[in-house]
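Q: Let me give you the structure first, and then I'll get to my questions.
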There are 2 protein chains.
Amino acid sequence: MGKIEENKERKRRAIMNAARDLFRSEGFVLANMDRIAAEAQVTKQTVYRYFPSKIELFEATLKFMGESSEEHFMDHLENPDTAEALHRFARGFVQFHLSEEHLETFRLLVAESGKAPEITKAFFSVGPEDTGARLSRFFAERLKLSAPDQPVRLWTAMLLALRDGVLLGRAQPTDREIEEHARIATDFLLAGISFEG
Amino acid sequence: MGKIEENKERKRRAIMNAARDLFRSEGFVLANMDRIAAEAQVTKQTVYRYFPSKIELFEATLKFMGESSEEHFMDHLENPDTAEALHRFARGFVQFHLSEEHLETFRLLVAESGKAPEITKAFFSVGPEDTGARLSRFFAERLKLSAPDQPVRLWTAMLLALRDGVLLGRAQPTDREIEEHARIATDFLLAGISFEG
DNA sequence: AGAAAATCATACTATTGAGTTTGATTTTTT
DNA sequence: AAAAAATCAAACTCAATAGTATGATTTTCT
């Protein structure tokens, strides 16, 4: 592969990086192409060589975000101590969903999917869709549940209880509060499915 | 009160009605003042006589929305049969939070509170903030819980499990699914607090 | 070295939309 | 009926911004 191809790839990524930051912080409408070009250290002309329009840049960027999203809370499910695995996963899950990065992304998706529902497909085509599936497998294997989907859904919903407040402008919970909430929700789940640690 | 004052009040409301619809369906940035004026059957000039700027119209409209929001699921808590009260409330709560009206409002608030967190205060200064408080009272009186806040939060969070999907563009659940989900979440709650129907 | 592709710098077009201005018309008050 | 307040109709200013055009410069390939 020649240097031209390499550079193309680098530029593409530089543009999508800048686009991601601006779309996240400003939203689709207010993010502007001149500034995306500037942040990417590239001419607007070049942006348009790679992406024919703002909306197509947006779609490509969403997909890019889905692919490059870094969650590590999944790893906790490998822990051999089942209760420990659940508690650690829970804390990581809550922390991630309250992180500024994720909240901005969520805001963006929620706002735009109102007008163009198909847009979020791009994001989820690669991304976090399978968290539920992975959890269900864990519940089936480790907790011996024959119908794990329901408890999984209830549990993750409980874990997200703190998010609405933050989304609507309430102060970010402290680490202490996050920790405690994750524990309470998880204990509640375990009691509900009669699991003995 | 003279006719002028009456008319002022009517016009103000007509403008905010139109503004509400447009802000909800288009979002703050894309909603435009010419169209708001047109929908309100009023001149743009008149809009500006009542509201000095778009942002101030927006704030006033949010407050107006908070005040005029019609939820009726609260009434179910008066039902003397406690389990019945919970189940009916649950269904009404889920239905409301999945209604197109509420989803659009939520989208709007989530999108805008990212840039101006204080903006949602206007909405919640009157509105649904106290659902939690009312529920806590119910849990304390009817279920004899000494610390009701935690279960209330977990329960409402479980009830909202279906919302994320819809927010991100998944198909609206059927009435059947809503009903079933509300029942399951409520049963899970009751089991968790060892309540015997 | 010289051709070809990509990028740069910059200016331009065209549209949209917030907020203003002006002067005529209607409605309410006294 | 006449003064005063509110509204209308319509044109205008001004800034922002998506997307295009042009011609010079740089980078890569052969």
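Residue numbering restarts at 1 in every chain; chains get A, B, ... in the order shown in the structure tokens, and ligands count up from 1 in that same order.
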Return the neighbours of chain B among the residues of chain D, cut-off 9 Å, counting only C-alpha atoms (C1' of nucleotides), as a PyMOL selection string.
A: chain D and resi 5-9
Q: Give me, as number ranges by chain, the residues of chain B touching chain C, with the criterion being at most 9 Å (counting only C-alpha atoms (C1' of nucleotides)).
A: B: 2-4, 32-34, 48, 53-54
Q: Residues of chain A that have any atom at most 6 Å from an atom of chain B: could you tabulate them with the shortest-distance atom pair and the distance in Å to one decimal, using only C-alpha atoms, ordered by chain and increasing number, as a tab-separated table?
A:
residue	atom	partner	partner_atom	distance
A:Arg107	CA	B:Ala111	CA	5.5
A:Val110	CA	B:Leu168	CA	5.8
A:Ala111	CA	B:Arg107	CA	5.5
A:Ser113	CA	B:Leu168	CA	5.8
A:Pro117	CA	B:Gly169	CA	4.6
A:Leu154	CA	B:Met158	CA	5.3
A:Ala157	CA	B:Ala161	CA	5.0
A:Met158	CA	B:Ala157	CA	5.1
A:Ala161	CA	B:Ala157	CA	5.1
A:Leu167	CA	B:Val110	CA	5.8
A:Leu168	CA	B:Val110	CA	5.8
A:Gly169	CA	B:Pro117	CA	4.6
A:Gly192	CA	B:Gly192	CA	5.5
Q: Check region 43-164 of chain A with DSSP on the backbone and list each residue it calls alpha helix (DSSP H), as a ChimeraX atom specification.
A: /A:44-50,54-68,82-98,100-113,119-124,131-142,149-159,163-164
Q: Output C-alpha atoms for every residue in that selection, as a PDB file, in the first residue's frame.
A:
ATOM      1  CA  LYS A  44     -12.892  22.591   3.904  1.00  0.00           C
ATOM      2  CA  GLN A  45     -12.277  21.553   0.352  1.00  0.00           C
ATOM      3  CA  THR A  46     -10.585  18.419   1.618  1.00  0.00           C
ATOM      4  CA  VAL A  47     -13.429  17.628   3.978  1.00  0.00           C
ATOM      5  CA  TYR A  48     -15.758  17.713   0.999  1.00  0.00           C
ATOM      6  CA  ARG A  49     -13.444  15.510  -1.003  1.00  0.00           C
ATOM      7  CA  TYR A  50     -13.900  12.791   1.625  1.00  0.00           C
ATOM      8  CA  LYS A  54     -22.554  17.374   6.228  1.00  0.00           C
ATOM      9  CA  ILE A  55     -25.171  14.720   6.767  1.00  0.00           C
ATOM     10  CA  GLU A  56     -22.985  12.030   5.252  1.00  0.00           C
ATOM     11  CA  LEU A  57     -20.066  13.119   7.369  1.00  0.00           C
ATOM     12  CA  PHE A  58     -22.383  12.853  10.350  1.00  0.00           C
ATOM     13  CA  GLU A  59     -23.461   9.336   9.501  1.00  0.00           C
ATOM     14  CA  ALA A  60     -19.915   8.192   8.921  1.00  0.00           C
ATOM     15  CA  THR A  61     -18.900   9.788  12.205  1.00  0.00           C
ATOM     16  CA  LEU A  62     -21.632   8.027  14.142  1.00  0.00           C
ATOM     17  CA  LYS A  63     -20.520   4.720  12.770  1.00  0.00           C
ATOM     18  CA  PHE A  64     -16.935   5.595  13.591  1.00  0.00           C
ATOM     19  CA  MET A  65     -17.970   6.445  17.142  1.00  0.00           C
ATOM     20  CA  GLY A  66     -19.764   3.146  17.509  1.00  0.00           C
ATOM     21  CA  GLU A  67     -16.724   1.235  16.349  1.00  0.00           C
ATOM     22  CA  SER A  68     -14.166   3.090  18.399  1.00  0.00           C
ATOM     23  CA  THR A  82     -20.094 -14.437  40.408  1.00  0.00           C
ATOM     24  CA  ALA A  83     -21.295 -11.897  42.961  1.00  0.00           C
ATOM     25  CA  GLU A  84     -18.053  -9.983  42.601  1.00  0.00           C
ATOM     26  CA  ALA A  85     -18.395 -10.041  38.833  1.00  0.00           C
ATOM     27  CA  LEU A  86     -21.881  -8.574  39.047  1.00  0.00           C
ATOM     28  CA  HIS A  87     -20.934  -5.844  41.479  1.00  0.00           C
ATOM     29  CA  ARG A  88     -17.895  -4.764  39.528  1.00  0.00           C
ATOM     30  CA  PHE A  89     -19.734  -4.832  36.268  1.00  0.00           C
ATOM     31  CA  ALA A  90     -22.512  -2.796  37.821  1.00  0.00           C
ATOM     32  CA  ARG A  91     -20.178  -0.086  39.015  1.00  0.00           C
ATOM     33  CA  GLY A  92     -18.360   0.096  35.695  1.00  0.00           C
ATOM     34  CA  PHE A  93     -21.627   0.161  33.806  1.00  0.00           C
ATOM     35  CA  VAL A  94     -22.984   3.056  35.850  1.00  0.00           C
ATOM     36  CA  GLN A  95     -19.725   4.973  35.699  1.00  0.00           C
ATOM     37  CA  PHE A  96     -19.560   4.635  31.957  1.00  0.00           C
ATOM     38  CA  HIS A  97     -23.142   5.734  31.430  1.00  0.00           C
ATOM     39  CA  LEU A  98     -22.595   8.807  33.571  1.00  0.00           C
ATOM     40  CA  GLU A 100     -19.364  13.124  30.090  1.00  0.00           C
ATOM     41  CA  GLU A 101     -18.344  11.392  26.900  1.00  0.00           C
ATOM     42  CA  HIS A 102     -21.229   8.987  26.941  1.00  0.00           C
ATOM     43  CA  LEU A 103     -23.761  11.576  28.029  1.00  0.00           C
ATOM     44  CA  GLU A 104     -22.833  13.862  25.158  1.00  0.00           C
ATOM     45  CA  THR A 105     -23.147  11.005  22.719  1.00  0.00           C
ATOM     46  CA  PHE A 106     -26.479  10.022  24.150  1.00  0.00           C
ATOM     47  CA  ARG A 107     -27.768  13.577  23.946  1.00  0.00           C
ATOM     48  CA  LEU A 108     -26.753  13.714  20.328  1.00  0.00           C
ATOM     49  CA  LEU A 109     -28.379  10.426  19.438  1.00  0.00           C
ATOM     50  CA  VAL A 110     -31.581  11.224  21.287  1.00  0.00           C
ATOM     51  CA  ALA A 111     -31.883  14.628  19.704  1.00  0.00           C
ATOM     52  CA  GLU A 112     -31.228  13.456  16.145  1.00  0.00           C
ATOM     53  CA  SER A 113     -33.044  10.152  16.205  1.00  0.00           C
ATOM     54  CA  ILE A 119     -29.472   7.468  11.863  1.00  0.00           C
ATOM     55  CA  THR A 120     -28.880   5.651  15.097  1.00  0.00           C
ATOM     56  CA  LYS A 121     -28.739   2.361  13.255  1.00  0.00           C
ATOM     57  CA  ALA A 122     -25.330   3.386  12.016  1.00  0.00           C
ATOM     58  CA  PHE A 123     -24.188   3.819  15.577  1.00  0.00           C
ATOM     59  CA  PHE A 124     -25.589   0.577  16.897  1.00  0.00           C
ATOM     60  CA  THR A 131     -24.242  -5.733  26.004  1.00  0.00           C
ATOM     61  CA  GLY A 132     -27.662  -7.195  26.683  1.00  0.00           C
ATOM     62  CA  ALA A 133     -26.859 -10.415  24.879  1.00  0.00           C
ATOM     63  CA  ARG A 134     -23.579 -10.853  26.722  1.00  0.00           C
ATOM     64  CA  LEU A 135     -25.297 -10.256  30.052  1.00  0.00           C
ATOM     65  CA  SER A 136     -28.032 -12.716  29.244  1.00  0.00           C
ATOM     66  CA  ARG A 137     -25.456 -15.370  28.561  1.00  0.00           C
ATOM     67  CA  PHE A 138     -23.813 -14.627  31.895  1.00  0.00           C
ATOM     68  CA  PHE A 139     -27.132 -14.863  33.714  1.00  0.00           C
ATOM     69  CA  ALA A 140     -27.926 -18.150  32.027  1.00  0.00           C
ATOM     70  CA  GLU A 141     -24.569 -19.747  32.725  1.00  0.00           C
ATOM     71  CA  ARG A 142     -23.656 -18.375  36.116  1.00  0.00           C
ATOM     72  CA  ASP A 149     -33.588 -11.519  29.367  1.00  0.00           C
ATOM     73  CA  GLN A 150     -36.169 -10.070  31.712  1.00  0.00           C
ATOM     74  CA  PRO A 151     -33.927  -9.798  34.792  1.00  0.00           C
ATOM     75  CA  VAL A 152     -31.143  -8.380  32.673  1.00  0.00           C
ATOM     76  CA  ARG A 153     -33.390  -5.671  31.371  1.00  0.00           C
ATOM     77  CA  LEU A 154     -34.698  -4.798  34.827  1.00  0.00           C
ATOM     78  CA  TRP A 155     -31.244  -4.735  36.307  1.00  0.00           C
ATOM     79  CA  THR A 156     -29.690  -2.487  33.689  1.00  0.00           C
ATOM     80  CA  ALA A 157     -32.702  -0.214  33.950  1.00  0.00           C
ATOM     81  CA  MET A 158     -32.219   0.085  37.688  1.00  0.00           C
ATOM     82  CA  LEU A 159     -28.544   0.803  37.172  1.00  0.00           C
ATOM     83  CA  ARG A 163     -28.887   9.065  34.533  1.00  0.00           C
ATOM     84  CA  ASP A 164     -32.115  10.941  33.935  1.00  0.00           C
TER      85      ASP A 164
END
Q: Would you mind telling me which residue in A:Asp130, A:Glu70, A:Asp81, A:Asp175 lies nearest to Leu143 (chain A) when using only C-alpha atoms?
A: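 Selected residue with least distance to Leu143 (chain A): A:Asp81.
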Q: Just to confirm, what's the straight-line distance from CA of Ser69 (chain B) to CA of Ala19 (chain B) in Å (one decimal)?
A: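 Those two atoms sit 15.0 Å apart.
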